[in-house]
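Novice: One structure, pasted below without further comment.
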Amino acid sequence: PLARSPCAAAPDFPYGTFSITLIQLLAIASPDADPLFAARLLSALVGVLLVVVGGAAGSRVAGPWGGPLAAVLLALAPFPIQQAHFYTVDPFMALLVTVAIVAGAQRHWRLAGAMCGLALACKASAVLAWGVLLAMAVREDCQMRSILRVGRAGLAFVFTSLLALGLGSPWAMLTPVSCWRGALVQGALVGGRYIVPYTQQYYGTLPLLYPLWQIALWGMGPGVAVAGLGGILFALLHSRRLRSRSLYLAWTGLVLLAFGSLWVKFPRYMLPLYPWLAAWAAFGL
């Protein structure tokens, strides 16, 4: 029954239920194991996969040699290593949206939609990637000259994303009012609409500059951060190189602008930026 929805049990829970479902399946599959150990093991595996997709992003941005270099830079970054020790939704979301962007750039709309749907089933902020990829799919449809093909990319993306969202977090669709309430409340909190004790630390912090400083200081190290920003600047100054990398550059800037401008600037919010910053660092180097 709908009354037994996990959203009804925790109305202020700001995330989807995909991560909870995964750990429940792990607990069922290994009843004698410590669920905390299983959850942390899964989180570590997600961290490894994030390095792999970071390498894929690096190969798209910086060429064949850029892939391994971006993967190494991401594997040695302190903050993703720290996040791989804890079972939180942010590494899952970062992994899924990165795969979605790479798949969308290659026009694999069903894969991109499935990854976006699962990312939304983890965290509502994945709607940023969903909107970008939907716009890309619609643009491709508008460029089609054949009437029979118009709308195919957009429909494939929307259908697979909704299907994945329904499978990953079914209560978000069955009881949308109660399940999206927590995400909306959290959105007001991170936007600075109201202040709680643990967000007062962000008084006086500058948007964009503070998150970049934290990434350089604690997240990736100053060398990688400077190389990443240098690679972005180099691409902006060379239009020939920018043309083939415009999507990746736009996505990097959009993530930085959207999450770096929030009132609440928890470092984990910037985790979807890390694979791309490593890719741009490889490009700069």
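So you can find residues: chains in the structure tokens are A, B, ... in the order shown, residues in each start at 1, and ligands are numbered from 1 in order.
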Using only C-alpha atoms, which residues sit within 12 Å of Ala183 (chain A) once same-chain residues fewer than 4 positions away are excluded, as a JSON list (two decimals) with all heavy atoms, in the first residue's frame?
Specialist:
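This went into out.json:
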```
[["chain", "number", "residue", "atom", "x", "y", "z"],
["A", 7, "CYS", "N", 8.88, 7.30, 1.81],
["A", 7, "CYS", "CA", 8.76, 8.76, 1.90],
["A", 7, "CYS", "C", 7.82, 9.16, 3.02],
["A", 7, "CYS", "O", 8.00, 10.20, 3.66],
["A", 7, "CYS", "CB", 8.27, 9.33, 0.57],
["A", 7, "CYS", "SG", 9.32, 8.90, -0.84],
["A", 10, "ALA", "N", 9.82, 8.88, 6.27],
["A", 10, "ALA", "CA", 10.80, 9.96, 6.47],
["A", 10, "ALA", "C", 10.48, 11.10, 5.51],
["A", 10, "ALA", "O", 11.09, 11.20, 4.44],
["A", 10, "ALA", "CB", 12.22, 9.44, 6.25],
["A", 11, "PRO", "N", 9.52, 11.95, 5.84],
["A", 11, "PRO", "CA", 9.05, 12.97, 4.90],
["A", 11, "PRO", "C", 10.12, 13.97, 4.47],
["A", 11, "PRO", "O", 10.03, 14.54, 3.39],
["A", 11, "PRO", "CB", 7.93, 13.68, 5.68],
["A", 11, "PRO", "CG", 7.53, 12.72, 6.76],
["A", 11, "PRO", "CD", 8.77, 11.97, 7.10],
["A", 12, "ASP", "N", 11.14, 14.19, 5.29],
["A", 12, "ASP", "CA", 12.18, 15.16, 4.95],
["A", 12, "ASP", "C", 13.39, 14.53, 4.29],
["A", 12, "ASP", "O", 14.40, 15.22, 4.08],
["A", 12, "ASP", "CB", 12.63, 15.91, 6.22],
["A", 12, "ASP", "CG", 11.53, 16.80, 6.77],
["A", 12, "ASP", "OD1", 10.71, 17.29, 5.96],
["A", 12, "ASP", "OD2", 11.47, 16.99, 8.00],
["A", 13, "PHE", "N", 13.32, 13.25, 3.97],
["A", 13, "PHE", "CA", 14.45, 12.59, 3.30],
["A", 13, "PHE", "C", 14.63, 13.21, 1.92],
["A", 13, "PHE", "O", 13.72, 13.17, 1.08],
["A", 13, "PHE", "CB", 14.17, 11.09, 3.18],
["A", 13, "PHE", "CG", 15.34, 10.31, 2.64],
["A", 13, "PHE", "CD1", 16.52, 10.22, 3.36],
["A", 13, "PHE", "CD2", 15.25, 9.65, 1.42],
["A", 13, "PHE", "CE1", 17.59, 9.47, 2.88],
["A", 13, "PHE", "CE2", 16.31, 8.91, 0.93],
["A", 13, "PHE", "CZ", 17.49, 8.82, 1.66],
["A", 14, "PRO", "N", 15.81, 13.82, 1.62],
["A", 14, "PRO", "CA", 15.94, 14.63, 0.41],
["A", 14, "PRO", "C", 16.41, 13.87, -0.83],
["A", 14, "PRO", "O", 16.67, 14.49, -1.86],
["A", 14, "PRO", "CB", 16.98, 15.68, 0.82],
["A", 14, "PRO", "CG", 17.87, 14.96, 1.77],
["A", 14, "PRO", "CD", 16.99, 13.97, 2.50],
["A", 15, "TYR", "N", 16.55, 12.55, -0.74],
["A", 15, "TYR", "CA", 17.13, 11.79, -1.85],
["A", 15, "TYR", "C", 16.12, 10.79, -2.39],
["A", 15, "TYR", "O", 15.06, 10.56, -1.82],
["A", 15, "TYR", "CB", 18.40, 11.06, -1.39],
["A", 15, "TYR", "CG", 19.42, 11.96, -0.75],
["A", 15, "TYR", "CD1", 19.76, 11.81, 0.59],
["A", 15, "TYR", "CD2", 20.04, 12.96, -1.49],
["A", 15, "TYR", "CE1", 20.70, 12.64, 1.18],
["A", 15, "TYR", "CE2", 20.98, 13.80, -0.91],
["A", 15, "TYR", "CZ", 21.31, 13.63, 0.42],
["A", 15, "TYR", "OH", 22.23, 14.46, 1.00],
["A", 16, "GLY", "N", 16.50, 10.16, -3.51],
["A", 16, "GLY", "CA", 15.71, 9.06, -4.03],
["A", 16, "GLY", "C", 15.99, 7.79, -3.26],
["A", 16, "GLY", "O", 16.86, 7.74, -2.37],
["A", 120, "LEU", "N", 18.56, 10.52, -11.24],
["A", 120, "LEU", "CA", 17.44, 11.18, -10.57],
["A", 120, "LEU", "C", 16.90, 10.34, -9.43],
["A", 120, "LEU", "O", 16.41, 10.87, -8.43],
["A", 120, "LEU", "CB", 16.32, 11.47, -11.57],
["A", 120, "LEU", "CG", 16.49, 12.70, -12.45],
["A", 120, "LEU", "CD1", 15.44, 12.71, -13.56],
["A", 120, "LEU", "CD2", 16.38, 13.97, -11.61],
["A", 121, "ALA", "N", 16.98, 9.02, -9.57],
["A", 121, "ALA", "CA", 16.55, 8.13, -8.50],
["A", 121, "ALA", "C", 17.49, 8.19, -7.31],
["A", 121, "ALA", "O", 17.16, 7.70, -6.22],
["A", 121, "ALA", "CB", 16.45, 6.70, -9.01],
["A", 122, "CYS", "N", 18.68, 8.78, -7.50],
["A", 122, "CYS", "CA", 19.61, 9.00, -6.40],
["A", 122, "CYS", "C", 19.45, 10.38, -5.78],
["A", 122, "CYS", "O", 19.36, 10.51, -4.56],
["A", 122, "CYS", "CB", 21.06, 8.84, -6.89],
["A", 122, "CYS", "SG", 21.53, 7.19, -7.38],
["A", 123, "LYS", "N", 19.40, 11.42, -6.65],
["A", 123, "LYS", "CA", 19.42, 12.78, -6.15],
["A", 123, "LYS", "C", 18.74, 13.70, -7.15],
["A", 123, "LYS", "O", 18.98, 13.60, -8.36],
["A", 123, "LYS", "CB", 20.87, 13.22, -5.92],
["A", 123, "LYS", "CG", 21.03, 14.46, -5.07],
["A", 123, "LYS", "CD", 22.50, 14.71, -4.77],
["A", 123, "LYS", "CE", 22.65, 15.94, -3.88],
["A", 123, "LYS", "NZ", 24.07, 16.24, -3.60],
["A", 124, "ALA", "N", 17.92, 14.60, -6.65],
["A", 124, "ALA", "CA", 17.10, 15.44, -7.53],
["A", 124, "ALA", "C", 17.94, 16.41, -8.35],
["A", 124, "ALA", "O", 17.52, 16.85, -9.42],
["A", 124, "ALA", "CB", 16.07, 16.22, -6.71],
["A", 125, "SER", "N", 19.13, 16.78, -7.90],
["A", 125, "SER", "CA", 19.95, 17.73, -8.64],
["A", 125, "SER", "C", 20.43, 17.17, -9.97],
["A", 125, "SER", "O", 20.93, 17.93, -10.81],
["A", 125, "SER", "CB", 21.15, 18.17, -7.80],
["A", 125, "SER", "OG", 21.92, 17.06, -7.40],
["A", 126, "ALA", "N", 20.26, 15.87, -10.19],
["A", 126, "ALA", "CA", 20.60, 15.28, -11.49],
["A", 126, "ALA", "C", 19.68, 15.79, -12.59],
["A", 126, "ALA", "O", 19.93, 15.52, -13.78],
["A", 126, "ALA", "CB", 20.54, 13.76, -11.43],
["A", 127, "VAL", "N", 18.62, 16.53, -12.23],
["A", 127, "VAL", "CA", 17.74, 17.10, -13.23],
["A", 127, "VAL", "C", 18.51, 18.06, -14.14],
["A", 127, "VAL", "O", 18.10, 18.32, -15.29],
["A", 127, "VAL", "CB", 16.55, 17.82, -12.55],
["A", 127, "VAL", "CG1", 17.00, 19.10, -11.86],
["A", 127, "VAL", "CG2", 15.44, 18.10, -13.56],
["A", 172, "ALA", "N", 8.95, 7.64, -6.05],
["A", 172, "ALA", "CA", 9.00, 9.00, -6.56],
["A", 172, "ALA", "C", 7.92, 9.24, -7.61],
["A", 172, "ALA", "O", 7.51, 10.39, -7.83],
["A", 172, "ALA", "CB", 10.37, 9.29, -7.17],
["A", 176, "PRO", "N", 4.39, 11.04, -5.63],
["A", 176, "PRO", "CA", 5.30, 12.16, -5.93],
["A", 176, "PRO", "C", 5.24, 13.29, -4.91],
["A", 176, "PRO", "O", 6.26, 13.92, -4.63],
["A", 176, "PRO", "CB", 4.85, 12.61, -7.31],
["A", 176, "PRO", "CG", 3.43, 12.16, -7.44],
["A", 176, "PRO", "CD", 3.35, 10.88, -6.66],
["A", 177, "VAL", "N", 4.08, 13.57, -4.35],
["A", 177, "VAL", "CA", 3.96, 14.71, -3.43],
["A", 177, "VAL", "C", 4.82, 14.49, -2.20],
["A", 177, "VAL", "O", 5.61, 15.35, -1.80],
["A", 177, "VAL", "CB", 2.49, 14.93, -3.04],
["A", 177, "VAL", "CG1", 2.39, 16.03, -1.99],
["A", 177, "VAL", "CG2", 1.67, 15.31, -4.27],
["A", 178, "SER", "N", 4.71, 13.32, -1.58],
["A", 178, "SER", "CA", 5.47, 13.06, -0.36],
["A", 178, "SER", "C", 6.95, 12.81, -0.66],
["A", 178, "SER", "O", 7.82, 13.18, 0.15],
["A", 178, "SER", "CB", 4.88, 11.85, 0.39],
["A", 178, "SER", "OG", 4.92, 10.69, -0.42],
["A", 179, "CYS", "N", 7.26, 12.21, -1.82],
["A", 179, "CYS", "CA", 8.65, 11.86, -2.09],
["A", 179, "CYS", "C", 9.48, 13.04, -2.59],
["A", 179, "CYS", "O", 10.69, 13.06, -2.39],
["A", 179, "CYS", "CB", 8.71, 10.72, -3.10],
["A", 179, "CYS", "SG", 8.40, 9.09, -2.37],
["A", 187, "GLY", "N", 16.27, 21.90, -1.39],
["A", 187, "GLY", "CA", 16.61, 22.92, -2.37],
["A", 187, "GLY", "C", 16.51, 24.32, -1.78],
["A", 187, "GLY", "O", 17.35, 25.18, -2.06],
["A", 188, "ALA", "N", 15.49, 24.56, -0.96],
["A", 188, "ALA", "CA", 15.36, 25.85, -0.30],
["A", 188, "ALA", "C", 16.49, 26.07, 0.70],
["A", 188, "ALA", "O", 17.00, 27.19, 0.86],
["A", 188, "ALA", "CB", 14.01, 25.95, 0.40],
["A", 189, "LEU", "N", 16.92, 24.99, 1.35],
["A", 189, "LEU", "CA", 18.01, 25.11, 2.32],
["A", 189, "LEU", "C", 19.33, 25.45, 1.64],
["A", 189, "LEU", "O", 20.02, 26.40, 2.05],
["A", 189, "LEU", "CB", 18.14, 23.80, 3.10],
["A", 189, "LEU", "CG", 19.35, 23.68, 4.03],
["A", 189, "LEU", "CD1", 19.25, 24.66, 5.17],
["A", 189, "LEU", "CD2", 19.48, 22.26, 4.57],
["A", 190, "VAL", "N", 19.68, 24.71, 0.60],
["A", 190, "VAL", "CA", 20.97, 24.96, -0.05],
["A", 190, "VAL", "C", 20.97, 26.28, -0.81],
["A", 190, "VAL", "O", 22.03, 26.86, -1.06],
["A", 190, "VAL", "CB", 21.34, 23.79, -0.99],
["A", 190, "VAL", "CG1", 21.45, 22.49, -0.22],
["A", 190, "VAL", "CG2", 20.37, 23.66, -2.15]]
```
Novice: With the cut-off set at 10 Å and counting only C-alpha atoms, tabulate each residue of region 52-164 of chain A with an atom at most that distance from an atom of region 238-261 of chain A, showing the nearest atom pair and its distance in Å to one decimal, ordered by chain and increasing number, as CSV.
Specialist:
```
residue,atom,partner,partner_atom,distance
A:Ala57,CA,A:Tyr248,CA,8.5
A:Arg60,CA,A:Arg245,CA,8.0
A:Val61,CA,A:Arg245,CA,6.4
A:Ala62,CA,A:Arg245,CA,9.3
A:Thr98,CA,A:Trp251,CA,9.9
A:Ile101,CA,A:Tyr248,CA,8.1
A:Val102,CA,A:Tyr248,CA,8.6
A:Gly104,CA,A:Leu247,CA,9.7
A:Ala105,CA,A:Leu247,CA,7.4
A:Ser125,CA,A:Phe259,CA,9.1
A:Leu128,CA,A:Val255,CA,8.1
A:Ala129,CA,A:Trp251,CA,8.3
A:Val132,CA,A:Trp251,CA,8.2
A:Met136,CA,A:Leu247,CA,9.5
```
Novice: Within 12 Å of Arg152 (chain A), counting only C-alpha atoms, which residues show up once you throw out same-chain ones fewer than 5 positions away? Write them as JSON, numbers by chain, please.
Specialist: {"A": [107, 108, 109, 110, 134, 137, 138, 139, 140, 141, 142, 143, 144, 146, 147, 157, 158, 159]}
Novice: Store the residues picked out above in a file with C-alpha atoms, as an mmCIF file, in the first residue's frame.
Specialist:
```
data_model
loop_
_atom_site.group_PDB
_atom_site.id
_atom_site.type_symbol
_atom_site.label_atom_id
_atom_site.label_comp_id
_atom_site.auth_asym_id
_atom_site.auth_seq_id
_atom_site.Cartn_x
_atom_site.Cartn_y
_atom_site.Cartn_z
ATOM 1 C CA ARG A 107 24.049 10.031 -29.447
ATOM 2 C CA HIS A 108 23.343 6.879 -27.453
ATOM 3 C CA TRP A 109 20.055 8.311 -26.229
ATOM 4 C CA ARG A 110 18.670 5.192 -24.593
ATOM 5 C CA LEU A 134 16.870 16.452 -23.384
ATOM 6 C CA ALA A 137 18.062 15.176 -28.124
ATOM 7 C CA VAL A 138 15.399 17.672 -29.211
ATOM 8 C CA ARG A 139 18.020 19.597 -31.172
ATOM 9 C CA GLU A 140 19.031 16.420 -32.976
ATOM 10 C CA ASP A 141 15.382 15.744 -33.772
ATOM 11 C CA CYS A 142 15.006 19.252 -35.226
ATOM 12 C CA GLN A 143 17.985 18.645 -37.499
ATOM 13 C CA MET A 144 16.470 15.475 -38.953
ATOM 14 C CA SER A 146 13.253 12.715 -42.547
ATOM 15 C CA ILE A 147 9.748 13.054 -41.096
ATOM 16 C CA PHE A 157 15.651 9.592 -24.068
ATOM 17 C CA VAL A 158 12.468 10.523 -22.181
ATOM 18 C CA PHE A 159 11.049 6.988 -22.207
#
```
Novice: Would you please work out which residue, of A:Met173, A:Leu167, A:Val46, A:Ile195, is nearest to Thr21 (chain A) when using only C-alpha atoms?
Specialist: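 Closest residue, counting only C-alpha atoms: A:Leu167.
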Novice: Show me, as a list in words, the residues that have an atom within 10 Å of region 208-213 of chain A when counting only C-alpha atoms, minus same-chain residues fewer than 3 positions from it.
Specialist: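 What passes the distance filter is Tyr202, Gly204, Thr205, Ala216, Leu217, Trp218, Gly219, Gly221, Pro222, Ala225, Val226, Leu229, Leu256, Leu257, Ala258, Phe259, Gly260, Ser261, Leu262, Lys265, Phe266, Pro267, Tyr269 and Met270 of chain A.
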Novice: How would the residues just picked look written out with N, CA, C and O atoms as an mmCIF file, in the first residue's frame?
Specialist:
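Written output follows (out_13.cif):
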```
data_model
loop_
_atom_site.group_PDB
_atom_site.id
_atom_site.type_symbol
_atom_site.label_atom_id
_atom_site.label_comp_id
_atom_site.auth_asym_id
_atom_site.auth_seq_id
_atom_site.Cartn_x
_atom_site.Cartn_y
_atom_site.Cartn_z
ATOM 1 N N TYR A 202 28.850 29.062 6.076
ATOM 2 C CA TYR A 202 29.008 29.613 4.726
ATOM 3 C C TYR A 202 28.714 31.103 4.649
ATOM 4 O O TYR A 202 28.705 31.668 3.550
ATOM 5 N N GLY A 204 29.680 34.707 4.389
ATOM 6 C CA GLY A 204 30.882 35.383 3.908
ATOM 7 C C GLY A 204 31.677 34.629 2.869
ATOM 8 O O GLY A 204 32.703 35.128 2.405
ATOM 9 N N THR A 205 31.241 33.415 2.477
ATOM 10 C CA THR A 205 31.960 32.675 1.437
ATOM 11 C C THR A 205 31.505 33.138 0.061
ATOM 12 O O THR A 205 30.316 33.374 -0.168
ATOM 13 N N ALA A 216 40.891 22.991 -4.918
ATOM 14 C CA ALA A 216 42.345 23.091 -5.027
ATOM 15 C C ALA A 216 43.039 22.712 -3.728
ATOM 16 O O ALA A 216 44.099 22.073 -3.737
ATOM 17 N N LEU A 217 42.429 23.063 -2.604
ATOM 18 C CA LEU A 217 43.083 22.845 -1.311
ATOM 19 C C LEU A 217 42.943 21.409 -0.837
ATOM 20 O O LEU A 217 43.911 20.796 -0.367
ATOM 21 N N TRP A 218 41.726 20.847 -0.951
ATOM 22 C CA TRP A 218 41.436 19.540 -0.372
ATOM 23 C C TRP A 218 40.985 18.502 -1.403
ATOM 24 O O TRP A 218 41.137 17.301 -1.152
ATOM 25 N N GLY A 219 40.401 18.957 -2.510
ATOM 26 C CA GLY A 219 39.729 18.011 -3.403
ATOM 27 C C GLY A 219 40.645 17.298 -4.365
ATOM 28 O O GLY A 219 40.690 16.059 -4.413
ATOM 29 N N GLY A 221 43.986 18.869 -5.191
ATOM 30 C CA GLY A 221 45.334 19.400 -5.065
ATOM 31 C C GLY A 221 45.508 20.602 -5.972
ATOM 32 O O GLY A 221 44.867 20.699 -7.027
ATOM 33 N N PRO A 222 46.355 21.531 -5.593
ATOM 34 C CA PRO A 222 46.500 22.766 -6.369
ATOM 35 C C PRO A 222 47.014 22.542 -7.788
ATOM 36 O O PRO A 222 46.607 23.232 -8.715
ATOM 37 N N ALA A 225 44.137 21.239 -10.001
ATOM 38 C CA ALA A 225 43.127 22.281 -10.153
ATOM 39 C C ALA A 225 43.607 23.370 -11.111
ATOM 40 O O ALA A 225 42.855 23.807 -11.995
ATOM 41 N N VAL A 226 44.851 23.799 -10.971
ATOM 42 C CA VAL A 226 45.392 24.821 -11.872
ATOM 43 C C VAL A 226 45.486 24.286 -13.296
ATOM 44 O O VAL A 226 45.158 24.994 -14.264
ATOM 45 N N LEU A 229 41.863 24.255 -14.770
ATOM 46 C CA LEU A 229 41.411 25.589 -15.155
ATOM 47 C C LEU A 229 42.214 26.112 -16.338
ATOM 48 O O LEU A 229 41.675 26.804 -17.219
ATOM 49 N N LEU A 256 29.704 23.896 -12.546
ATOM 50 C CA LEU A 256 30.383 24.838 -11.658
ATOM 51 C C LEU A 256 29.462 26.003 -11.300
ATOM 52 O O LEU A 256 29.387 26.409 -10.137
ATOM 53 N N LEU A 257 28.744 26.526 -12.277
ATOM 54 C CA LEU A 257 27.868 27.664 -12.027
ATOM 55 C C LEU A 257 26.682 27.273 -11.154
ATOM 56 O O LEU A 257 26.309 27.998 -10.217
ATOM 57 N N ALA A 258 26.061 26.131 -11.448
ATOM 58 C CA ALA A 258 24.850 25.724 -10.731
ATOM 59 C C ALA A 258 25.141 25.349 -9.282
ATOM 60 O O ALA A 258 24.448 25.787 -8.355
ATOM 61 N N PHE A 259 26.154 24.520 -9.053
ATOM 62 C CA PHE A 259 26.440 24.036 -7.703
ATOM 63 C C PHE A 259 27.374 24.971 -6.938
ATOM 64 O O PHE A 259 27.314 25.042 -5.711
ATOM 65 N N GLY A 260 28.241 25.673 -7.670
ATOM 66 C CA GLY A 260 29.171 26.574 -7.002
ATOM 67 C C GLY A 260 28.552 27.881 -6.565
ATOM 68 O O GLY A 260 29.163 28.621 -5.784
ATOM 69 N N SER A 261 27.344 28.191 -7.061
ATOM 70 C CA SER A 261 26.671 29.431 -6.690
ATOM 71 C C SER A 261 25.685 29.251 -5.548
ATOM 72 O O SER A 261 25.030 30.215 -5.149
ATOM 73 N N LEU A 262 25.563 28.046 -5.041
ATOM 74 C CA LEU A 262 24.625 27.794 -3.953
ATOM 75 C C LEU A 262 25.111 28.449 -2.661
ATOM 76 O O LEU A 262 26.308 28.663 -2.462
ATOM 77 N N LYS A 265 27.621 25.160 0.432
ATOM 78 C CA LYS A 265 28.677 24.732 -0.491
ATOM 79 C C LYS A 265 29.405 23.511 0.046
ATOM 80 O O LYS A 265 30.635 23.498 0.142
ATOM 81 N N PHE A 266 28.661 22.482 0.404
ATOM 82 C CA PHE A 266 29.309 21.245 0.823
ATOM 83 C C PHE A 266 30.173 20.715 -0.326
ATOM 84 O O PHE A 266 29.715 20.667 -1.473
ATOM 85 N N PRO A 267 31.408 20.315 -0.061
ATOM 86 C CA PRO A 267 32.285 19.860 -1.151
ATOM 87 C C PRO A 267 31.712 18.717 -1.971
ATOM 88 O O PRO A 267 31.979 18.619 -3.171
ATOM 89 N N TYR A 269 28.841 18.328 -3.094
ATOM 90 C CA TYR A 269 27.963 18.804 -4.155
ATOM 91 C C TYR A 269 28.710 18.969 -5.475
ATOM 92 O O TYR A 269 28.107 18.912 -6.544
ATOM 93 N N MET A 270 30.033 19.210 -5.394
ATOM 94 C CA MET A 270 30.834 19.445 -6.585
ATOM 95 C C MET A 270 31.395 18.159 -7.188
ATOM 96 O O MET A 270 32.139 18.212 -8.167
#
```
Novice: Distance table requested - region 38-85 of chain A against region 271-281 of chain A, cut-off 6 Å, only C-alpha atoms: one row per qualifying residue with the closest atom pair and its distance in Å to one decimal, ordered by chain and rising residue number, as JSON lines.
Specialist:
```
{"residue": "A:Gly54", "atom": "CA", "partner": "A:Pro275", "partner_atom": "CA", "distance": 4.4}
{"residue": "A:Ala57", "atom": "CA", "partner": "A:Ala279", "partner_atom": "CA", "distance": 5.9}
{"residue": "A:Gly58", "atom": "CA", "partner": "A:Ala279", "partner_atom": "CA", "distance": 4.0}
{"residue": "A:Ala70", "atom": "CA", "partner": "A:Ala278", "partner_atom": "CA", "distance": 5.0}
{"residue": "A:Leu74", "atom": "CA", "partner": "A:Ala278", "partner_atom": "CA", "distance": 5.9}
```
